[in-house]
Amino acid sequence: MGKTAVFLCHCGDNIAATVDIEKLKKEFSKDKNLVVKNHMFLCSEAGQQMILDTLDKNKDVDRLVIASCSPKHHWNIFKDCVKQKLNAYMFEMANIREHCSWVHSDREEATKKAYSIIKGAINKVQHHEPIGTVDVPVKRDVLVIGAGIAGMHASLELADKGFHVYLVEKEASIGGNMTKLGRTFPTDDCSMCTVSPIMNEVKAHPNIELLTLSEVVGLSGRVGDYNVTVETKPRYVDLDRCTACGLCTEKCPVSIPNNYNLGLDKTKAIHIPFDGSVPNAAFIEEEACLKINKGVCGICEKVCPADAVDFNQKKERRELKVGAIVVATGYQQTDLSNTEYYYEHPDVITGLELERMIVPSGPTGGKVVCPSDGREPKTITFIQCAGSRDKRHKEYCSNICCMYSIKNAKIMRAKFPDATINMCYIDIRAPGRRNEEYYALAREKNINMIMGRPSQIMDTPDGRLFFDVFDKATNKFMRVESDLIVLATALEPSEGTKRMAEVLHLQYGMDKFLSPLHVKIAPVDTTTEGIYIIGTAEGPKSIQDSITDAGAAASRVATILKDDVATVDLTTAVIDPDKCTRCGLCREACRYGAITESYEVVDMACKGCGKCVSVCPEDAIEIRHLTKAQLRAQVDGILEGDPDSVIAYTTETCGYNAADIAGTSRMEYPPMVKVVKLPCVGRLSVEDILYPFEKGAKGVMIFACPKGLCHYVDGTEAAEEKYMKAREILEEKGVDVNRLRFVEILTPDGQKFQRSCREMAEYLKGVQ
Amino acid sequence: MGLTDLFNMSKPEGDKQKELIRQLAVLGVKNPSLCFQCAKCTSGCEAMKLLELQPHSVMASVKTGFLDEMMNSDVIWACVGCFKCKERCPQEMSPVDVMFILKNWYVMSGGSLPGDYQNLLQGILSTGYIQEPVEVLDKDNKGWSREKLGLPKRGHPKNINGFMSALSQLAAEKL
């Protein structure tokens, strides 16, 4: 075996301020088998050139360790660099920034920890072997989930590029929330007039296949080769025959609240979703129909002149094969009932409800009225941040409410020149092109801007709405009476978005919105290659930002699917036929059917989680990217560097991300905790859990993705089982079981990571 | 901090601020510097209507560090302790707890209780109640007594002298 090169990055003073790089260099240089170099910024072009030059000059170096930031940050950059001289897997990254310099302030302690982390990486890389690649044929079809403005725009972009697009929509018509709006800022143009041509273009495009009343219920495969299960609810109306004449709706005896108008008026069990819906055809609300539920009626079927009603339609499932997926499942308004923001009174409405009243084709024919008695409002009050910027409800700013409330206040002024219009706000947020100018225009419209948040809405015994508010601008406490109160209700991810997080195994934040791979430099990518998130599924945002997202995602998809084949690393499992006794345990553990009856691994099916490794009694199966020898060598190295360590096994996703977030948020925790990254905690065998104890570690922690959110179906459950067994063994041997801990953690929860580490260290301090 | 209140030439008190933050943490309340001055506390403050208490400006003074100024002012004594500000604060602050702490500090530093508080204290010592249970109104202006709500009747301390001396002893220990 050749020598190992160790590269130490200063990262400006991000690392060097807390970790003594010179001292580390001196220490490691004592080992004649190591070539040690340091650089101010290893990721820079000069830094990468230094790596390449070192490999050129030292022909006996055949593997390397890069001690710098999190591999989540720059792994790809260094991989591409290493690839020029060696196999791409002949290096290991030691994370001495997020996991060390950013979470410790004592220079000596941090340097000691960095030494230990790097020592672990050096030991591990000694066992690295080259990993090959395989070419996979790429399916050039794309799935777009959600046909709101973002999903439609992405579909059109992709279809125009020549990709075949399946556009799946849960509702009976495409168009999304934008079809419900009256006018849109900062242009004040009619929303439906903007979105309607786009809807028709989607319908007419030869490359787009529309699936309404449909939901994605299952996903398997990988980038370039996804297998998606779509479930379509029966429409009970033949799309080809229905002429949208509306006779069925006229005759239907069942009256139901009109969801499209947010329940502000009624419609019938069979109806056309809305004027200008696409497809423009009737559909039957299953739950309300008498024929479907009770077997009586069937009037619509009899009166339909086109013979389009078909009660024989059934729920259908379809398997789609696609290369990439775009998720555009959008937002919904937060339910504020039973909070002090909302008050049970018909004249307290949400911004979206006001939009419906502004639309000329809406439930009130474009007249804005008090829903309680239909009178014209003399005083209209907008209350901002209803549920937003509130740690007890939605901690985030809902982004668009300032602008749309200003827009609606302007519209109200145009409609009611003599009315009193109030707006209660904390700050007005109007960044973005033309938005501040738009706000300035609104300020000329004689709107009472009240700088304060009401505590509670109430009404007088005769039904007049009022609230008390302190205006910080005038330093006055005032009572505001209103005919109509419009809440700028917080946005939250739609039910569909929350469901997609589960079905597609996507990461989400504490706010439940889907998380991008990197909030700054990879805003539409996700941690799963080939799946992209756009629009309000990722966070509250405006129409223009959603469209920007859609274009970006279409470009990302085209990048991935432009070639007929994709090259995939063989980071998969491999079986040693000489050791294998064909006991079947690995086949039972694998959730992807990746191990054949003749005990060979299907590389295309294997996800590389390593659960098979943890159950094999013969040590006959390994995953190429984390072998038993590598894992143990890393633990040995860490303990050699610092015998008083706690080994924290983390999943590659939630666990490691949480540790990184603790780092980027500078949440200090005791330096004794050292992270060891696994693809999934399901990779851990009982022996792996106990190994650090044998080697004298102070403790072992396992940071798993929460149950139900495991990226490999049930790795967390598998690991918990092993953890319980390991506890029993520790107990038998008289070892304190509290030195072994199992923590379920979500990506954004850096605080929980910090807390768990602190608790562990506190406990260990107490028992010593 | 380079701030000075030009009206009374007081300067921010960093150490007292740290102590306040520590005492708030014991109560599970976060650092007042998180307050973003939305004034929801003042909008809902019962004492604002009668006594012009502005909890949001108390919070602003405290987070800037003018603690003595607040501690020695009348405004903190206007708080009736209804806890609505704490319940509804969107940033999980607690103006009411800040004012309780400042009131305690004031008394501990030798200040005497305002007259009304003396009466209140006498009331507690003689009846065992801050306020005798009375009917409360719901949003339809309907009155509810403990009886109507099916709650047990509450009596007075049986040994009123023992109660008074126990309470006085506790107060003496605390001070």
# chains A, B, ... in the order shown; residues from 1 in each chain; ligands from 1

$ interface_residues --of "chain B" --to "chain A" --cutoff "8 Å" --atoms "only C-alpha atoms" --output "ChimeraX atom specification"
/B:37-44,48-49,88-92,140

$ residues_around --residues "region 108-116 of chain B" --least-positions-apart "4" --cutoff "12 Å" --atoms "only C-alpha atoms" --output "PyMOL selection string"
chain B and resi 68+71-78+80+101-104+120-123+171-175

$ write_last_selection --atoms "C-alpha atoms" --output "mmCIF file, in the first residue's frame"
data_model
loop_
_atom_site.group_PDB
_atom_site.id
_atom_site.type_symbol
_atom_site.label_atom_id
_atom_site.label_comp_id
_atom_site.auth_asym_id
_atom_site.auth_seq_id
_atom_site.Cartn_x
_atom_site.Cartn_y
_atom_site.Cartn_z
ATOM 1 C CA ASP B 68 -33.294 50.931 37.265
ATOM 2 C CA MET B 71 -37.743 49.371 38.523
ATOM 3 C CA ASN B 72 -38.238 52.767 40.144
ATOM 4 C CA SER B 73 -41.126 53.853 37.941
ATOM 5 C CA ASP B 74 -44.801 53.561 38.760
ATOM 6 C CA VAL B 75 -45.689 51.755 35.579
ATOM 7 C CA ILE B 76 -44.694 48.269 36.699
ATOM 8 C CA TRP B 77 -47.101 48.520 39.624
ATOM 9 C CA ALA B 78 -50.004 48.983 37.211
ATOM 10 C CA VAL B 80 -52.634 43.300 37.426
ATOM 11 C CA ILE B 101 -39.120 40.397 38.894
ATOM 12 C CA LEU B 102 -38.704 44.192 38.813
ATOM 13 C CA LYS B 103 -41.316 44.566 41.573
ATOM 14 C CA ASN B 104 -39.459 42.036 43.712
ATOM 15 C CA LEU B 120 -54.168 43.944 48.622
ATOM 16 C CA LEU B 121 -51.660 42.347 50.973
ATOM 17 C CA GLN B 122 -53.944 42.947 53.957
ATOM 18 C CA GLY B 123 -56.774 41.383 51.956
ATOM 19 C CA ALA B 171 -42.001 36.779 53.188
ATOM 20 C CA ALA B 172 -39.396 37.575 55.830
ATOM 21 C CA GLU B 173 -37.263 34.616 54.722
ATOM 22 C CA LYS B 174 -37.465 35.659 51.078
ATOM 23 C CA LEU B 175 -36.312 39.154 51.883
#

$ atom_distance --atom1 "CA of Glu668 (chain A)" --atom2 "CA of His104 (chain A)"
5.7 Å

$ residues_around --residues "region 360-367 of chain A" --least-positions-apart "5" --cutoff "10 Å" --atoms "only C-alpha atoms" --output "MDAnalysis selection string"
chainID A and resid 180:182 258 260:266 274:275 354:355 374 376 415

$ select_by_dssp --residues "region 452-643 of chain A" --states "strand (DSSP E)" --output "number ranges by chain"
A: 457-459, 465-471, 476-482, 484-489, 491-493, 531-533, 565-569, 573-575, 621-623

$ residues_around --residues "region 13-25 of chain A" --least-positions-apart "6" --cutoff "6 Å" --atoms "only C-alpha atoms" --output "PyMOL selection string"
chain A and resi 97+101+107+110-111

$ select_by_dssp --residues "region 619-763 of chain A" --states "alpha helix (DSSP H)" --output "PyMOL selection string"
chain A and resi 628-641+654-664+686-694+715-732+750-763

$ atom_distance --atom1 "CA of Tyr166 (chain A)" --atom2 "CA of Val138 (chain A)"
16.2 Å

$ residues_around --residues "region 142-150 of chain B" --least-positions-apart "4" --cutoff "12 Å" --atoms "only C-alpha atoms" --output "VMD selection string"
(chain A and resid 461) or (chain B and resid 132 to 138 154)

$ atom_distance --atom1 "CA of Val230 (chain A)" --atom2 "CA of Asp160 (chain A)"
23.9 Å

$ residues_around --residues "Arg429 (chain A)" --least-positions-apart "5" --cutoff "9 Å" --atoms "only C-alpha atoms" --output "PyMOL selection string"
chain A and resi 399-403+435-436
